[in-house]
$ cat query_12.txt   # compact mmCIF, C-alpha atoms
# COMPACT_ATOMS: atom_id res chain seq x y z
CA MET A 1 -49.49 38.06 -1.73
CA THR A 2 -51.15 35.63 -4.13
CA ILE A 3 -50.41 35.63 -7.82
CA LEU A 4 -53.13 34.19 -10.01
CA LEU A 5 -52.13 32.97 -13.45
CA GLU A 6 -54.62 32.53 -16.21
CA VAL A 7 -53.93 29.55 -18.42
CA GLN A 8 -54.41 30.33 -22.07
CA PRO A 9 -55.73 27.39 -24.15
CA GLY A 10 -53.29 28.13 -26.96
CA TYR A 11 -50.29 27.43 -24.75
CA GLY A 12 -51.48 23.91 -24.03
CA ALA A 13 -51.84 23.21 -27.74
CA ILE A 14 -48.35 24.57 -28.36
CA GLY A 15 -46.99 22.35 -25.59
CA ALA A 16 -48.71 19.26 -26.98
CA SER A 17 -47.38 19.93 -30.47
CA LEU A 18 -43.86 20.53 -29.19
CA ALA A 19 -44.04 17.21 -27.33
CA ALA A 20 -44.99 15.43 -30.56
CA ILE A 21 -42.23 17.15 -32.52
CA GLY A 22 -39.68 16.37 -29.82
CA ALA A 23 -40.69 12.72 -29.76
CA GLY A 24 -40.35 12.48 -33.53
CA ILE A 25 -36.87 13.97 -33.44
CA GLY A 26 -35.84 11.77 -30.52
CA ILE A 27 -37.05 8.55 -32.10
CA GLY A 28 -35.38 9.55 -35.37
CA LEU A 29 -32.07 10.01 -33.59
CA ILE A 30 -32.50 6.66 -31.81
CA GLY A 31 -33.12 4.94 -35.14
CA LYS A 32 -30.15 6.70 -36.75
CA GLY A 33 -27.86 5.58 -33.96
CA ALA A 34 -29.14 2.01 -34.14
CA VAL A 35 -28.62 1.77 -37.90
CA GLU A 36 -25.09 3.17 -37.59
CA SER A 37 -24.31 0.74 -34.77
CA ILE A 38 -25.63 -2.23 -36.74
CA ALA A 39 -23.55 -1.14 -39.73
CA ARG A 40 -20.41 -1.17 -37.55
CA GLN A 41 -21.18 -4.40 -35.67
CA PRO A 42 -23.63 -6.62 -37.58
CA GLU A 43 -23.18 -9.45 -35.07
CA ALA A 44 -24.82 -7.33 -32.34
CA THR A 45 -27.99 -6.67 -34.35
CA ASN A 46 -30.43 -8.33 -31.93
CA ASP A 47 -29.04 -6.55 -28.86
CA ILE A 48 -29.02 -3.19 -30.61
CA ARG A 49 -32.57 -3.66 -31.91
CA ALA A 50 -33.90 -4.58 -28.47
CA THR A 51 -32.24 -1.55 -26.88
CA MET A 52 -33.54 0.70 -29.66
CA ILE A 53 -37.13 -0.48 -29.20
CA LEU A 54 -36.93 0.03 -25.42
CA ALA A 55 -35.51 3.53 -25.80
CA ALA A 56 -38.11 4.48 -28.41
CA ALA A 57 -40.91 3.23 -26.16
CA LEU A 58 -39.63 5.33 -23.27
CA VAL A 59 -39.41 8.44 -25.44
CA GLU A 60 -42.90 7.82 -26.78
CA GLY A 61 -44.26 7.35 -23.26
CA VAL A 62 -42.84 10.65 -22.04
CA ALA A 63 -44.15 12.40 -25.15
CA LEU A 64 -47.61 10.94 -24.60
CA LEU A 65 -47.67 12.22 -21.03
CA ALA A 66 -46.58 15.68 -22.20
CA ALA A 67 -49.21 15.72 -24.93
CA VAL A 68 -51.94 14.71 -22.48
CA ALA A 69 -50.84 17.43 -20.07
CA GLY A 70 -50.95 19.98 -22.89
CA LEU A 71 -54.39 18.86 -24.01
CA LEU A 72 -55.65 18.96 -20.43
CA ALA A 73 -54.52 22.59 -20.31
CA VAL A 74 -56.49 23.25 -23.50
CA PHE A 75 -59.73 21.71 -22.25
CA ARG A 76 -59.49 22.93 -18.67

$ encode --input "query_12.txt" --output "structure tokens"
Amino acid sequence: MTILLEVQPGYGAIGASLAAIGAGIGIGLIGKGAVESIARQPEATNDIRATMILAAALVEGVALLAAVAGLLAVFR
């Protein structure tokens, strides 16, 4: 038995927007944690900043892939 699913274009747009919102929240939390860490240990500023930028780039990369997948579902 084969089940065929119709993809609705609206669901792809919702997925792309949720990916963007999730990335914004994630990067905000990364920045918050970095600022709090720098406030506690100012001597580790460079290490914390480098780790923060790497983590933000990874979150942004995953969000970009999710947004592209959502937009591909819209224009399929």

$ closest_atom_pairs --input "query_12.txt" --of "region 25-49 of chain A" --to "region 53-71 of chain A" --cutoff "7 Å" --atoms "all atoms listed in the file" --output "JSON lines"
{"residue": "A:Ile27", "atom": "CA", "partner": "A:Ala56", "partner_atom": "CA", "distance": 5.6}
{"residue": "A:Ile30", "atom": "CA", "partner": "A:Ala56", "partner_atom": "CA", "distance": 6.9}
{"residue": "A:Arg49", "atom": "CA", "partner": "A:Ile53", "partner_atom": "CA", "distance": 6.2}

$ closest_residue --input "query_12.txt" --among "A:Leu72, A:Met52, A:Ala13, A:Ala44" --to "Leu29 (chain A)" --atoms "only C-alpha atoms"
A:Met52

$ atom_distance --input "query_12.txt" --atom1 "CA of Ile48 (chain A)" --atom2 "CA of Gly26 (chain A)"
16.4 Å

$ atom_distance --input "query_12.txt" --atom1 "CA of Gly12 (chain A)" --atom2 "CA of Val74 (chain A)"
5.1 Å

$ atom_distance --input "query_12.txt" --atom1 "CA of Gly15 (chain A)" --atom2 "CA of Arg76 (chain A)"
14.3 Å

$ closest_residue --input "query_12.txt" --among "A:Asp47, A:Pro42, A:Gly33, A:Ala73" --to "Ala16 (chain A)" --atoms "only C-alpha atoms"
A:Ala73

$ build_atoms --input "query_12.txt" --residues "region 28-52 of chain A" --atoms "N, CA and C atoms" --output "compact mmCIF listing (two decimals), in the coordinates of the input"
# COMPACT_ATOMS: atom_id res chain seq x y z
N GLY A 28 -36.22 9.53 -34.17
CA GLY A 28 -35.38 9.55 -35.37
C GLY A 28 -33.91 9.41 -35.04
N LEU A 29 -33.47 10.11 -34.00
CA LEU A 29 -32.07 10.01 -33.59
C LEU A 29 -31.75 8.62 -33.03
N ILE A 30 -32.71 8.02 -32.32
CA ILE A 30 -32.50 6.66 -31.81
C ILE A 30 -32.34 5.69 -32.98
N GLY A 31 -33.21 5.81 -33.97
CA GLY A 31 -33.12 4.94 -35.14
C GLY A 31 -31.82 5.14 -35.91
N LYS A 32 -31.41 6.40 -36.06
CA LYS A 32 -30.15 6.70 -36.75
C LYS A 32 -28.97 6.04 -36.04
N GLY A 33 -28.95 6.18 -34.72
CA GLY A 33 -27.86 5.58 -33.96
C GLY A 33 -27.86 4.07 -34.05
N ALA A 34 -29.06 3.47 -34.05
CA ALA A 34 -29.14 2.01 -34.14
C ALA A 34 -28.66 1.52 -35.49
N VAL A 35 -29.05 2.19 -36.56
CA VAL A 35 -28.62 1.77 -37.90
C VAL A 35 -27.10 1.90 -38.05
N GLU A 36 -26.55 3.00 -37.53
CA GLU A 36 -25.09 3.17 -37.59
C GLU A 36 -24.38 2.10 -36.77
N SER A 37 -24.94 1.77 -35.61
CA SER A 37 -24.31 0.74 -34.77
C SER A 37 -24.37 -0.63 -35.43
N ILE A 38 -25.51 -0.95 -36.05
CA ILE A 38 -25.63 -2.23 -36.74
C ILE A 38 -24.68 -2.30 -37.93
N ALA A 39 -24.48 -1.16 -38.60
CA ALA A 39 -23.55 -1.14 -39.73
C ALA A 39 -22.12 -1.41 -39.27
N ARG A 40 -21.77 -0.95 -38.06
CA ARG A 40 -20.41 -1.17 -37.55
C ARG A 40 -20.22 -2.57 -36.99
N GLN A 41 -21.28 -3.08 -36.30
CA GLN A 41 -21.18 -4.40 -35.67
C GLN A 41 -22.42 -5.23 -36.01
N PRO A 42 -22.43 -5.85 -37.17
CA PRO A 42 -23.63 -6.62 -37.58
C PRO A 42 -23.93 -7.79 -36.65
N GLU A 43 -22.94 -8.31 -35.95
CA GLU A 43 -23.18 -9.45 -35.07
C GLU A 43 -23.98 -9.07 -33.82
N ALA A 44 -24.08 -7.79 -33.52
CA ALA A 44 -24.82 -7.33 -32.34
C ALA A 44 -26.21 -6.79 -32.72
N THR A 45 -26.73 -7.21 -33.85
CA THR A 45 -27.99 -6.67 -34.35
C THR A 45 -29.14 -6.86 -33.37
N ASN A 46 -29.29 -8.07 -32.82
CA ASN A 46 -30.43 -8.33 -31.93
C ASN A 46 -30.36 -7.49 -30.65
N ASP A 47 -29.18 -7.36 -30.07
CA ASP A 47 -29.04 -6.55 -28.86
C ASP A 47 -29.32 -5.08 -29.15
N ILE A 48 -28.81 -4.59 -30.26
CA ILE A 48 -29.02 -3.19 -30.61
C ILE A 48 -30.50 -2.93 -30.89
N ARG A 49 -31.15 -3.84 -31.59
CA ARG A 49 -32.57 -3.66 -31.91
C ARG A 49 -33.42 -3.64 -30.65
N ALA A 50 -33.13 -4.53 -29.71
CA ALA A 50 -33.90 -4.58 -28.47
C ALA A 50 -33.72 -3.29 -27.67
N THR A 51 -32.50 -2.80 -27.60
CA THR A 51 -32.24 -1.55 -26.88
C THR A 51 -32.91 -0.38 -27.58
N MET A 52 -32.91 -0.37 -28.91
CA MET A 52 -33.54 0.70 -29.66
C MET A 52 -35.05 0.73 -29.41
